[in-house]
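What's in structure.cif: mmCIF, C-alpha atoms and all ligand atoms
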data_structure
#
loop_
_atom_site.label_atom_id
_atom_site.label_comp_id
_atom_site.auth_asym_id
_atom_site.auth_seq_id
_atom_site.Cartn_x
_atom_site.Cartn_y
_atom_site.Cartn_z
CA MET A 1 6.54 -29.88 -20.39
CA THR A 2 9.37 -28.59 -22.60
CA ALA A 3 10.31 -30.43 -25.77
CA THR A 4 13.36 -32.69 -25.69
CA GLY A 5 14.62 -35.43 -27.94
CA SER A 6 12.60 -35.84 -31.11
CA ALA A 7 9.29 -34.26 -29.98
CA PRO A 8 8.53 -31.14 -32.04
CA LEU A 9 9.24 -27.81 -30.37
CA ARG A 10 5.86 -26.06 -30.03
CA VAL A 11 6.50 -22.38 -30.68
CA ALA A 12 4.45 -19.26 -29.88
CA LEU A 13 5.17 -15.90 -31.53
CA LEU A 14 4.98 -12.66 -29.53
CA GLY A 15 4.43 -9.62 -31.75
CA ALA A 16 2.90 -9.43 -35.22
CA GLY A 17 5.07 -6.83 -36.93
CA TRP A 18 7.61 -6.72 -39.72
CA ILE A 19 10.16 -9.19 -38.34
CA MET A 20 7.62 -11.84 -37.38
CA ASP A 21 7.10 -13.10 -40.93
CA PHE A 22 10.73 -14.27 -41.00
CA HIS A 23 10.27 -16.13 -37.72
CA ALA A 24 6.90 -17.61 -38.71
CA ARG A 25 8.35 -19.00 -41.96
CA ALA A 26 11.37 -20.37 -40.09
CA VAL A 27 9.15 -22.29 -37.66
CA LEU A 28 6.89 -23.57 -40.44
CA GLU A 29 9.87 -24.74 -42.50
CA HIS A 30 11.48 -26.67 -39.68
CA PRO A 31 10.54 -30.37 -39.56
CA ARG A 32 10.88 -30.51 -35.76
CA ALA A 33 9.08 -27.26 -34.90
CA GLU A 34 5.37 -26.48 -34.75
CA LEU A 35 3.77 -23.03 -34.92
CA VAL A 36 1.06 -23.29 -32.26
CA ALA A 37 0.11 -19.73 -31.24
CA ALA A 38 0.70 -16.01 -31.63
CA ALA A 39 0.06 -13.05 -29.34
CA SER A 40 -0.01 -9.32 -29.94
CA TRP A 41 -1.80 -6.33 -28.50
CA ARG A 42 -3.58 -5.38 -31.77
CA GLU A 43 -6.06 -7.89 -33.16
CA PRO A 44 -6.08 -6.85 -36.86
CA SER A 45 -2.34 -7.38 -37.49
CA LEU A 46 -2.39 -10.49 -35.31
CA ALA A 47 -5.28 -11.97 -37.29
CA LYS A 48 -3.47 -11.23 -40.56
CA LEU A 49 -0.29 -12.93 -39.33
CA ALA A 50 -2.32 -15.96 -38.23
CA GLU A 51 -4.05 -16.10 -41.61
CA ARG A 52 -0.78 -15.84 -43.58
CA TYR A 53 0.78 -18.76 -41.72
CA GLY A 54 -2.22 -20.83 -40.57
CA ILE A 55 -1.51 -20.21 -36.88
CA PRO A 56 -4.27 -22.09 -35.00
CA ARG A 57 -4.48 -19.91 -31.91
CA THR A 58 -4.17 -16.17 -31.24
CA THR A 59 -4.54 -14.03 -28.15
CA THR A 60 -4.06 -10.41 -27.11
CA ASP A 61 -2.95 -11.70 -23.69
CA TRP A 62 0.62 -12.95 -24.20
CA ARG A 63 0.85 -13.94 -20.52
CA ALA A 64 -1.71 -16.69 -21.11
CA LEU A 65 0.79 -18.41 -23.41
CA ALA A 66 3.62 -18.37 -20.86
CA GLY A 67 1.72 -20.76 -18.62
CA ASP A 68 0.23 -22.87 -21.41
CA PRO A 69 1.19 -26.56 -21.31
CA GLU A 70 0.88 -26.68 -25.14
CA VAL A 71 3.70 -24.12 -25.61
CA ASP A 72 7.39 -25.05 -25.31
CA ALA A 73 9.08 -21.90 -26.61
CA ALA A 74 8.46 -18.27 -27.52
CA VAL A 75 9.93 -16.07 -30.23
CA ILE A 76 9.81 -12.46 -29.01
CA GLY A 77 9.60 -9.75 -31.68
CA THR A 78 7.95 -6.88 -29.82
CA PRO A 79 9.23 -3.36 -29.05
CA ASN A 80 12.47 -3.55 -27.06
CA ALA A 81 10.84 -2.37 -23.82
CA LEU A 82 8.80 -5.59 -23.67
CA HIS A 83 11.66 -8.04 -24.28
CA ALA A 84 12.79 -8.48 -20.67
CA THR A 85 9.30 -8.76 -19.13
CA GLN A 86 8.10 -11.23 -21.74
CA ALA A 87 11.29 -13.32 -21.78
CA ILE A 88 11.44 -13.57 -18.00
CA ALA A 89 7.79 -14.68 -17.76
CA PHE A 90 8.38 -17.47 -20.30
CA LEU A 91 11.77 -18.52 -18.89
CA GLU A 92 10.42 -18.66 -15.34
CA ALA A 93 7.61 -20.88 -16.61
CA GLY A 94 10.27 -23.21 -18.07
CA ARG A 95 9.73 -22.14 -21.70
CA HIS A 96 12.65 -21.56 -24.06
CA VAL A 97 13.03 -18.09 -25.55
CA LEU A 98 14.43 -16.68 -28.79
CA VAL A 99 14.39 -12.91 -28.31
CA GLU A 100 14.98 -10.34 -31.03
CA LYS A 101 17.88 -7.92 -30.92
CA PRO A 102 18.55 -5.83 -28.98
CA MET A 103 18.02 -8.37 -26.23
CA ALA A 104 17.09 -5.56 -23.83
CA ARG A 105 17.37 -1.82 -23.28
CA THR A 106 19.87 -2.08 -20.42
CA VAL A 107 22.40 -4.44 -18.87
CA ALA A 108 20.17 -4.66 -15.78
CA GLU A 109 17.33 -6.04 -17.94
CA ALA A 110 19.72 -8.42 -19.73
CA ASP A 111 21.06 -9.67 -16.39
CA ALA A 112 17.54 -10.40 -15.15
CA MET A 113 16.83 -12.39 -18.32
CA VAL A 114 20.04 -14.42 -18.01
CA ALA A 115 19.25 -15.06 -14.32
CA ALA A 116 15.74 -16.27 -15.19
CA ALA A 117 17.16 -18.74 -17.72
CA ARG A 118 19.78 -20.02 -15.26
CA GLY A 119 17.14 -20.34 -12.56
CA SER A 120 14.72 -22.45 -14.57
CA GLY A 121 17.06 -24.31 -16.90
CA ALA A 122 15.08 -23.11 -19.94
CA ARG A 123 17.20 -21.91 -22.88
CA LEU A 124 17.64 -18.25 -23.78
CA MET A 125 18.89 -17.35 -27.27
CA VAL A 126 19.28 -13.87 -28.79
CA ALA A 127 18.40 -13.32 -32.45
CA HIS A 128 21.65 -11.77 -33.68
CA CYS A 129 20.74 -13.02 -37.11
CA TRP A 130 23.92 -12.07 -39.01
CA ARG A 131 25.72 -14.92 -37.28
CA PHE A 132 23.61 -17.19 -39.46
CA HIS A 133 24.48 -15.62 -42.82
CA ALA A 134 26.65 -17.95 -44.91
CA ASP A 135 29.06 -15.13 -45.87
CA VAL A 136 29.61 -14.10 -42.24
CA ARG A 137 30.13 -17.71 -41.19
CA ALA A 138 32.60 -18.30 -44.02
CA LEU A 139 34.64 -15.28 -42.96
CA ARG A 140 34.63 -16.37 -39.33
CA ALA A 141 36.03 -19.75 -40.40
CA ARG A 142 38.82 -18.00 -42.34
CA VAL A 143 39.68 -15.85 -39.30
CA ALA A 144 39.62 -18.88 -36.99
CA ALA A 145 41.94 -20.73 -39.40
CA GLY A 146 44.43 -17.87 -39.08
CA GLU A 147 44.16 -16.76 -42.69
CA LEU A 148 44.31 -13.07 -41.76
CA GLY A 149 46.99 -13.54 -39.11
CA GLU A 150 46.25 -11.59 -35.96
CA VAL A 151 43.24 -9.33 -36.49
CA VAL A 152 44.43 -5.85 -35.59
CA LYS A 153 41.15 -4.04 -36.15
CA THR A 154 37.69 -4.36 -37.62
CA ARG A 155 35.62 -1.61 -39.21
CA GLY A 156 31.92 -2.18 -39.46
CA TYR A 157 28.57 -0.48 -39.55
CA GLY A 158 24.85 -0.97 -39.33
CA VAL A 159 23.04 1.94 -40.95
CA HIS A 160 19.92 2.95 -42.80
CA ALA A 161 20.93 5.18 -45.70
CA ARG A 162 18.35 7.79 -46.78
CA TRP A 163 15.67 6.45 -44.43
CA GLY A 164 14.98 5.77 -40.80
CA PRO A 165 12.25 4.13 -38.73
CA SER A 166 9.41 5.89 -36.91
CA GLY A 167 6.79 4.94 -34.31
CA TRP A 168 8.07 3.08 -31.25
CA PHE A 169 11.63 2.92 -32.68
CA THR A 170 12.06 6.65 -31.94
CA ASP A 171 10.37 6.53 -28.51
CA PRO A 172 13.16 6.34 -25.90
CA GLU A 173 10.96 4.51 -23.41
CA LEU A 174 9.86 1.79 -25.86
CA ALA A 175 13.11 1.47 -27.83
CA GLY A 176 15.69 2.27 -25.14
CA GLY A 177 17.87 4.12 -27.65
CA GLY A 178 18.13 5.01 -31.30
CA ALA A 179 20.23 3.84 -34.24
CA LEU A 180 22.90 2.38 -31.98
CA LEU A 181 20.46 -0.03 -30.29
CA ASP A 182 18.60 -0.65 -33.55
CA MET A 183 21.35 -1.02 -36.16
CA GLY A 184 24.64 -0.64 -34.30
CA VAL A 185 24.02 -3.84 -32.30
CA HIS A 186 24.22 -5.85 -35.55
CA ALA A 187 27.68 -4.45 -36.28
CA VAL A 188 28.90 -4.89 -32.68
CA ASP A 189 27.79 -8.52 -32.58
CA THR A 190 29.14 -9.30 -36.06
CA ALA A 191 32.56 -7.85 -35.19
CA ARG A 192 32.64 -9.84 -31.96
CA TYR A 193 31.54 -13.05 -33.69
CA LEU A 194 34.17 -12.71 -36.42
CA LEU A 195 36.83 -12.18 -33.74
CA GLY A 196 35.82 -15.37 -31.90
CA ASP A 197 33.62 -13.80 -29.21
CA PRO A 198 36.11 -11.84 -27.06
CA GLU A 199 34.95 -9.64 -24.16
CA PRO A 200 34.93 -5.83 -24.40
CA VAL A 201 37.51 -4.17 -22.16
CA ARG A 202 37.08 -0.52 -23.24
CA VAL A 203 34.42 1.39 -25.14
CA CYS A 204 34.67 5.03 -26.30
CA ALA A 205 31.96 6.68 -28.34
CA ALA A 206 30.60 9.85 -29.90
CA ILE A 207 26.82 9.72 -30.29
CA GLY A 208 24.35 12.31 -31.47
CA THR A 209 21.04 13.17 -33.10
CA ARG A 210 22.03 14.81 -36.38
CA TYR A 211 19.60 13.91 -39.15
CA GLY A 212 16.12 13.99 -37.64
CA ALA A 213 13.87 15.47 -34.96
CA TYR A 214 13.35 12.73 -32.37
CA PRO A 215 14.63 12.18 -28.82
CA VAL A 216 16.98 9.27 -29.72
CA ASP A 217 20.36 9.00 -31.47
CA ASP A 218 20.76 8.61 -35.23
CA ASP A 219 24.55 8.82 -35.45
CA ALA A 220 27.10 6.84 -33.44
CA VAL A 221 30.80 6.09 -33.77
CA LEU A 222 32.29 3.56 -31.35
CA LEU A 223 35.80 2.35 -30.63
CA ILE A 224 35.78 -0.99 -28.80
CA THR A 225 38.92 -2.66 -27.45
CA TRP A 226 38.48 -6.41 -27.00
CA SER A 227 40.08 -8.88 -24.59
CA ASN A 228 42.06 -10.44 -27.46
CA GLY A 229 43.75 -7.11 -28.24
CA SER A 230 41.74 -6.32 -31.39
CA ASN A 231 39.97 -3.00 -31.81
CA SER A 232 36.62 -2.49 -33.52
CA ILE A 233 35.38 0.71 -35.07
CA VAL A 234 31.60 0.51 -35.28
CA GLU A 235 29.25 3.04 -36.84
CA ALA A 236 25.48 3.21 -36.53
CA GLY A 237 23.07 5.56 -38.22
CA TRP A 238 19.65 6.33 -39.63
CA TRP A 239 19.05 8.70 -42.53
CA GLN A 240 22.72 8.74 -43.50
CA PRO A 241 23.15 10.25 -46.97
CA HIS A 242 25.40 7.34 -47.98
CA ALA A 243 26.31 3.87 -46.72
CA GLY A 244 29.26 2.82 -48.87
CA GLY A 245 27.90 -0.71 -49.20
CA LEU A 246 25.05 -2.84 -47.92
CA GLU A 247 22.98 -2.02 -44.82
CA ALA A 248 25.51 -3.75 -42.58
CA ASP A 249 29.07 -4.79 -43.30
CA THR A 250 32.38 -5.47 -41.57
CA GLU A 251 35.99 -5.27 -42.72
CA LEU A 252 38.90 -7.00 -41.02
CA TYR A 253 42.51 -5.83 -41.02
CA GLY A 254 44.97 -8.50 -39.92
CA THR A 255 48.73 -8.94 -39.79
CA GLY A 256 48.28 -11.50 -42.57
CA GLY A 257 45.71 -9.78 -44.77
CA TYR A 258 42.43 -7.96 -45.28
CA ALA A 259 38.85 -9.19 -45.77
CA ARG A 260 35.40 -7.68 -46.04
CA VAL A 261 32.14 -9.59 -45.61
CA TRP A 262 30.41 -7.99 -48.61
CA ASP A 263 32.70 -6.21 -51.05
CA LEU A 264 30.07 -3.97 -52.65
CA THR A 265 29.80 -0.20 -52.82
CA GLU A 266 26.09 -0.09 -53.77
CA PRO A 267 23.30 -2.63 -53.13
CA PRO A 268 22.28 -4.29 -56.41
CA GLU A 269 18.79 -3.32 -57.70
CA GLY A 270 16.06 -4.96 -55.57
CA TYR A 271 18.62 -6.51 -53.23
CA GLU A 272 17.33 -7.56 -49.78
CA HIS A 273 20.10 -7.89 -47.23
CA LEU A 274 18.02 -9.73 -44.63
CA THR A 275 17.16 -13.19 -45.95
CA GLN A 276 14.96 -16.09 -44.91
CA PRO A 277 17.82 -18.65 -44.74
CA MET A 278 19.40 -16.62 -41.91
CA PHE A 279 16.23 -16.82 -39.85
CA SER A 280 15.68 -20.49 -40.71
CA ALA A 281 19.23 -21.38 -39.62
CA GLN A 282 18.77 -19.30 -36.47
CA LEU A 283 15.58 -21.16 -35.50
CA ALA A 284 17.26 -24.47 -36.32
CA GLU A 285 20.00 -23.63 -33.80
CA LEU A 286 17.35 -23.21 -31.08
CA VAL A 287 15.58 -26.46 -32.01
CA ASP A 288 18.86 -28.42 -32.20
CA ALA A 289 20.19 -27.01 -28.93
CA VAL A 290 16.97 -27.78 -27.04
CA ALA A 291 16.89 -31.31 -28.45
CA ALA A 292 20.55 -31.86 -27.53
CA GLY A 293 20.20 -30.29 -24.08
CA ARG A 294 22.85 -27.67 -24.81
CA GLN A 295 23.01 -23.88 -24.74
CA PRO A 296 22.07 -22.27 -28.08
CA ARG A 297 24.40 -19.57 -29.44
CA PRO A 298 24.20 -16.63 -29.50
CA SER A 299 23.19 -17.08 -25.88
CA GLY A 300 21.70 -14.64 -23.41
CA GLU A 301 25.27 -13.99 -22.26
CA ASP A 302 26.29 -13.14 -25.86
CA GLY A 303 23.35 -10.75 -26.15
CA ARG A 304 24.29 -9.19 -22.83
CA VAL A 305 27.80 -8.37 -24.09
CA VAL A 306 26.28 -6.37 -26.94
CA VAL A 307 23.98 -4.45 -24.57
CA GLN A 308 26.97 -3.86 -22.30
CA VAL A 309 28.92 -2.34 -25.21
CA VAL A 310 25.94 -0.11 -26.04
CA GLU A 311 25.48 0.98 -22.44
CA ARG A 312 29.19 1.78 -22.10
CA ALA A 313 29.06 3.68 -25.39
CA TYR A 314 26.17 5.86 -24.20
CA ALA A 315 28.00 6.47 -20.89
CA SER A 316 31.19 7.38 -22.77
CA ALA A 317 29.38 9.74 -25.12
CA HIS A 318 27.46 11.41 -22.29
CA GLY A 319 30.56 11.76 -20.13
CA THR A 320 29.26 9.40 -17.41
CA ALA A 321 31.64 6.49 -18.09
CA PRO A 322 33.40 5.18 -14.97
N1 LIG A 401 17.00 -9.15 -36.75
C1 LIG A 401 16.76 -8.05 -37.43
O1 LIG A 401 17.47 -7.72 -38.36
C2 LIG A 401 15.57 -7.22 -37.06
C3 LIG A 401 14.91 -6.46 -38.04
C4 LIG A 401 13.80 -5.71 -37.65
C5 LIG A 401 13.37 -5.72 -36.33
N2 LIG A 401 14.05 -6.44 -35.39
C6 LIG A 401 13.64 -6.42 -33.99
O2 LIG A 401 12.37 -7.07 -33.86
C7 LIG A 401 11.57 -6.40 -32.89
C8 LIG A 401 10.27 -5.95 -33.57
O3 LIG A 401 10.58 -5.10 -34.66
P1 LIG A 401 9.59 -4.94 -35.92
O4 LIG A 401 10.39 -4.31 -37.00
O5 LIG A 401 8.87 -6.22 -36.17
O6 LIG A 401 8.60 -3.85 -35.31
P2 LIG A 401 7.08 -3.57 -35.77
O7 LIG A 401 6.77 -2.21 -35.31
O8 LIG A 401 6.88 -3.93 -37.20
O9 LIG A 401 6.26 -4.64 -34.92
C9 LIG A 401 6.20 -4.58 -33.51
C10 LIG A 401 5.07 -5.42 -32.96
O10 LIG A 401 4.84 -5.02 -31.60
C11 LIG A 401 3.53 -4.43 -31.48
N3 LIG A 401 3.62 -3.25 -30.62
C12 LIG A 401 3.97 -1.98 -30.98
N4 LIG A 401 3.92 -1.17 -29.91
C13 LIG A 401 3.54 -1.94 -28.86
C14 LIG A 401 3.32 -1.68 -27.49
N5 LIG A 401 3.50 -0.46 -26.96
N6 LIG A 401 2.94 -2.71 -26.70
C15 LIG A 401 2.77 -3.96 -27.21
N7 LIG A 401 2.98 -4.27 -28.51
C16 LIG A 401 3.35 -3.26 -29.32
C17 LIG A 401 3.09 -4.07 -32.89
O11 LIG A 401 1.67 -4.06 -32.97
C18 LIG A 401 3.74 -5.23 -33.68
O12 LIG A 401 2.97 -6.38 -33.55
C19 LIG A 401 12.42 -5.25 -32.35
O13 LIG A 401 13.08 -5.66 -31.17
C20 LIG A 401 13.45 -5.01 -33.45
O14 LIG A 401 14.68 -4.49 -32.98
C21 LIG A 401 15.12 -7.20 -35.75
#
Full structure transcribed into structure tokens:
Amino acid sequence: MTATGSAPLRVALLGAGWIMDFHARAVLEHPRAELVAAASWREPSLAKLAERYGIPRTTTDWRALAGDPEVDAAVIGTPNALHATQAIAFLEAGRHVLVEKPMARTVAEADAMVAAARGSGARLMVAHCWRFHADVRALRARVAAGELGEVVKTRGYGVHARWGPSGWFTDPELAGGGALLDMGVHAVDTARYLLGDPEPVRVCAAIGTRYGAYPVDDDAVLLITWSNGSNSIVEAGWWQPHAGGLEADTELYGTGGYARVWDLTEPPEGYEHLTQPMFSAQLAELVDAVAAGRQPRPSGEDGRVVVQVVERAYASAHGTAP
């Protein structure tokens, strides 16, 4: 039922919003992937997505695709509250899943997703897309080669300067959190990736709602201590008056030197930080891993670590940390 070897991976898209264009193009571009279906609750945006990319089949009932013998994998790009339910339904039906960040709203949801993948043998991958940016990968290789010596600390952020999202992103039930779950997760995962994927051993945070009137956070400062002894300072925000660089960036301070992923203080005119090659490389990792019978990275377990950091940060900030 699921694709192995050289058979094309038949992919269904769940959600028809902003991020789905990147995923649709990635599937279309890949020689061993096929875009077979898309599902979303609203027909007009779904029909437009299908028209833009020639998707042969659409439905407002995503569950119908989970049991469909013509579908091997799903890309999930819906509001965060739906990620766990949708991923688990596909994984339990033996379909592979690439789920957008944040993987889930809580560690409990992430655990259920990981358990569903382990139970069925289908592959679960989390779309922490910065791992697929050439500049991030190049810096990771330099760190792994020991060029910076021992990395003492990282400083990174994921912020929206002078704007912030609305709609479901600011609904605590649908989003699960604010800027930390939306943008901070990019910076947490990038720091961890650059450090060689250590585990978090301690998380302290100050989190608040400072720039807007909504019931979720738009300002967060985290201090994460990792199992390899490095510390990461991570900032997340919406509507910040200033970013000091691109939308997301990370600096590394090591015993042997300093490096920054993008050494810019202002985005160049018309610059788009999120690029298609990142999403194409990300989809290629899923296709390659499925064909090779191996676990794609970042895995469900990698995504869970990020959610765990976020959950510990909220507990720390609200004074409920163990
Ligand atoms: N990797 C990245 O850098 C990146 C960037 C943007 C978004 N994302 C992630 O992708 C996911 C989708 O984000 P987006 O920017 O495409 O959002 P969006 O609002 O543009 O699209 C969301 C989709 O879900 C549908 N939807 C909205 N509310 C719904 C509900 N209550 N029930 C069912 N469907 C509903 C919308 O109609 C739309 O099809 C989120 O998890 C987000 O965090 C990732």
**OP:** Can you work out the spacing between atom O4 of ligand LIG 401 (chain A) and atom CA of Ala117 of chain A in Å, to one decimal?
**Re:** 25.0 Å
Subject >> Counting all atoms listed in the file, the residue of A:Val221, A:Ala138, A:Ala87, A:Leu174 that sits nearest ligand LIG 401 (chain A) >> reply: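 Closest candidate: A:Leu174.
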Original post:
Taking (9.3, 2.0, -41.9) in the file's coordinates as the center, which residues reach within 12 Å of it, counting all atoms listed in the file, put as a PyMOL selection string?
Top reply: chain A and resi 17-19+160+162-170+238-239
**OP:** Please write out the residues within 8 Å of ligand LIG 401 (chain A) as a VMD selection string, counting all atoms listed in the file.
**Re:** chain A and resid 14 to 20 40 to 42 45 to 46 76 to 80 82 to 83 99 to 103 127 to 130 167 to 169 174 to 175 181 to 182 186 274
Dump as an mmCIF file, in the coordinates of the input, selection limited to C-alpha atoms:
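So the final result, stored in result_36.cif, reads:
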data_model
loop_
_atom_site.group_PDB
_atom_site.id
_atom_site.type_symbol
_atom_site.label_atom_id
_atom_site.label_comp_id
_atom_site.auth_asym_id
_atom_site.auth_seq_id
_atom_site.Cartn_x
_atom_site.Cartn_y
_atom_site.Cartn_z
ATOM 1 C CA LEU A 14 4.980 -12.660 -29.530
ATOM 2 C CA GLY A 15 4.430 -9.620 -31.750
ATOM 3 C CA ALA A 16 2.900 -9.430 -35.220
ATOM 4 C CA GLY A 17 5.070 -6.830 -36.930
ATOM 5 C CA TRP A 18 7.610 -6.720 -39.720
ATOM 6 C CA ILE A 19 10.160 -9.190 -38.340
ATOM 7 C CA MET A 20 7.620 -11.840 -37.380
ATOM 8 C CA SER A 40 -0.010 -9.320 -29.940
ATOM 9 C CA TRP A 41 -1.800 -6.330 -28.500
ATOM 10 C CA ARG A 42 -3.580 -5.380 -31.770
ATOM 11 C CA SER A 45 -2.340 -7.380 -37.490
ATOM 12 C CA LEU A 46 -2.390 -10.490 -35.310
ATOM 13 C CA ILE A 76 9.810 -12.460 -29.010
ATOM 14 C CA GLY A 77 9.600 -9.750 -31.680
ATOM 15 C CA THR A 78 7.950 -6.880 -29.820
ATOM 16 C CA PRO A 79 9.230 -3.360 -29.050
ATOM 17 C CA ASN A 80 12.470 -3.550 -27.060
ATOM 18 C CA LEU A 82 8.800 -5.590 -23.670
ATOM 19 C CA HIS A 83 11.660 -8.040 -24.280
ATOM 20 C CA VAL A 99 14.390 -12.910 -28.310
ATOM 21 C CA GLU A 100 14.980 -10.340 -31.030
ATOM 22 C CA LYS A 101 17.880 -7.920 -30.920
ATOM 23 C CA PRO A 102 18.550 -5.830 -28.980
ATOM 24 C CA MET A 103 18.020 -8.370 -26.230
ATOM 25 C CA ALA A 127 18.400 -13.320 -32.450
ATOM 26 C CA HIS A 128 21.650 -11.770 -33.680
ATOM 27 C CA CYS A 129 20.740 -13.020 -37.110
ATOM 28 C CA TRP A 130 23.920 -12.070 -39.010
ATOM 29 C CA GLY A 167 6.790 4.940 -34.310
ATOM 30 C CA TRP A 168 8.070 3.080 -31.250
ATOM 31 C CA PHE A 169 11.630 2.920 -32.680
ATOM 32 C CA LEU A 174 9.860 1.790 -25.860
ATOM 33 C CA ALA A 175 13.110 1.470 -27.830
ATOM 34 C CA LEU A 181 20.460 -0.030 -30.290
ATOM 35 C CA ASP A 182 18.600 -0.650 -33.550
ATOM 36 C CA HIS A 186 24.220 -5.850 -35.550
ATOM 37 C CA LEU A 274 18.020 -9.730 -44.630
#
**OP:** Just give me the residues with any atom within 10 Å of (6.8, -23.3, -15.3), file coordinates, counting all atoms listed in the file, written as a ChimeraX atom specification.
**Re:** /A:1-2,66-69,89-95,120,122
Original post:
atom CA of Leu264 of chain A and atom CA of Arg140 of chain A are how many Å apart?
Top reply: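 Atom-to-atom, atom CA of Leu264 of chain A and atom CA of Arg140 of chain A are spaced 18.8 Å apart.
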Subject >> Contacts of Val159 of chain A at 12 Å (all atoms listed in the file; same-chain gap of 6+ positions) as a ChimeraX atom specification >> reply: /A:165,178-187,218-221,234-250
Original post:
Which distance in Å separates atom CA of Val216 of chain A and atom CA of Gly319 of chain A, to one decimal?
Top reply: 16.8 Å
Original post:
With all atoms listed in the file as the basis for distance, which of A:Ile55, A:Met113, A:Ala39, A:Met125 is at the shortest distance from Gln282 of chain A?
Top reply: A:Met125
Can you build me a table of segment 117-161 of chain A residues sitting at most 10 Å from segment 195-213 of chain A, with the closest atom pair per residue and its distance in Å to one decimal, using all atoms listed in the file, sorted by chain and residue number, as a tab-separated table?
residue	atom	partner	partner_atom	distance
A:Leu139	CA	A:Leu195	CA	10.0
A:Arg140	CA	A:Leu195	CA	7.3
A:Ala141	CA	A:Gly196	CA	9.6
A:Val143	CA	A:Leu195	CA	7.2
A:Ala144	CA	A:Gly196	CA	7.3
A:Glu150	CA	A:Leu195	CA	9.7
A:Val151	CA	A:Leu195	CA	7.5
A:Lys153	CA	A:Leu195	CA	9.5
A:Thr154	CA	A:Leu195	CA	8.8
Now that the selection is made, can you save its residues with C-alpha atoms as a CSV table (one decimal), in the frame of the given file?
chain,number,residue,atom,x,y,z
A,139,LEU,CA,34.6,-15.3,-43.0
A,140,ARG,CA,34.6,-16.4,-39.3
A,141,ALA,CA,36.0,-19.8,-40.4
A,143,VAL,CA,39.7,-15.8,-39.3
A,144,ALA,CA,39.6,-18.9,-37.0
A,150,GLU,CA,46.2,-11.6,-36.0
A,151,VAL,CA,43.2,-9.3,-36.5
A,153,LYS,CA,41.2,-4.0,-36.2
A,154,THR,CA,37.7,-4.4,-37.6
Original post:
Counting only C-alpha atoms, which of A:Gly293, A:Pro31, A:Gly257, A:Gly54 gets nearest to Glu147 of chain A?
Top reply: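 Nearest candidate to Glu147 of chain A out of A:Gly293, A:Pro31, A:Gly257, A:Gly54: A:Gly257.
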May I have the centre and edge lengths, in Å to one decimal, of an axis-aligned box around the listed atoms of segment 21-27 of chain A with 8 Å added to every side, as JSON?
{"center_x": 9.1, "center_y": -17.7, "center_z": -39.8, "size_x": 20.5, "size_y": 25.2, "size_z": 20.3}
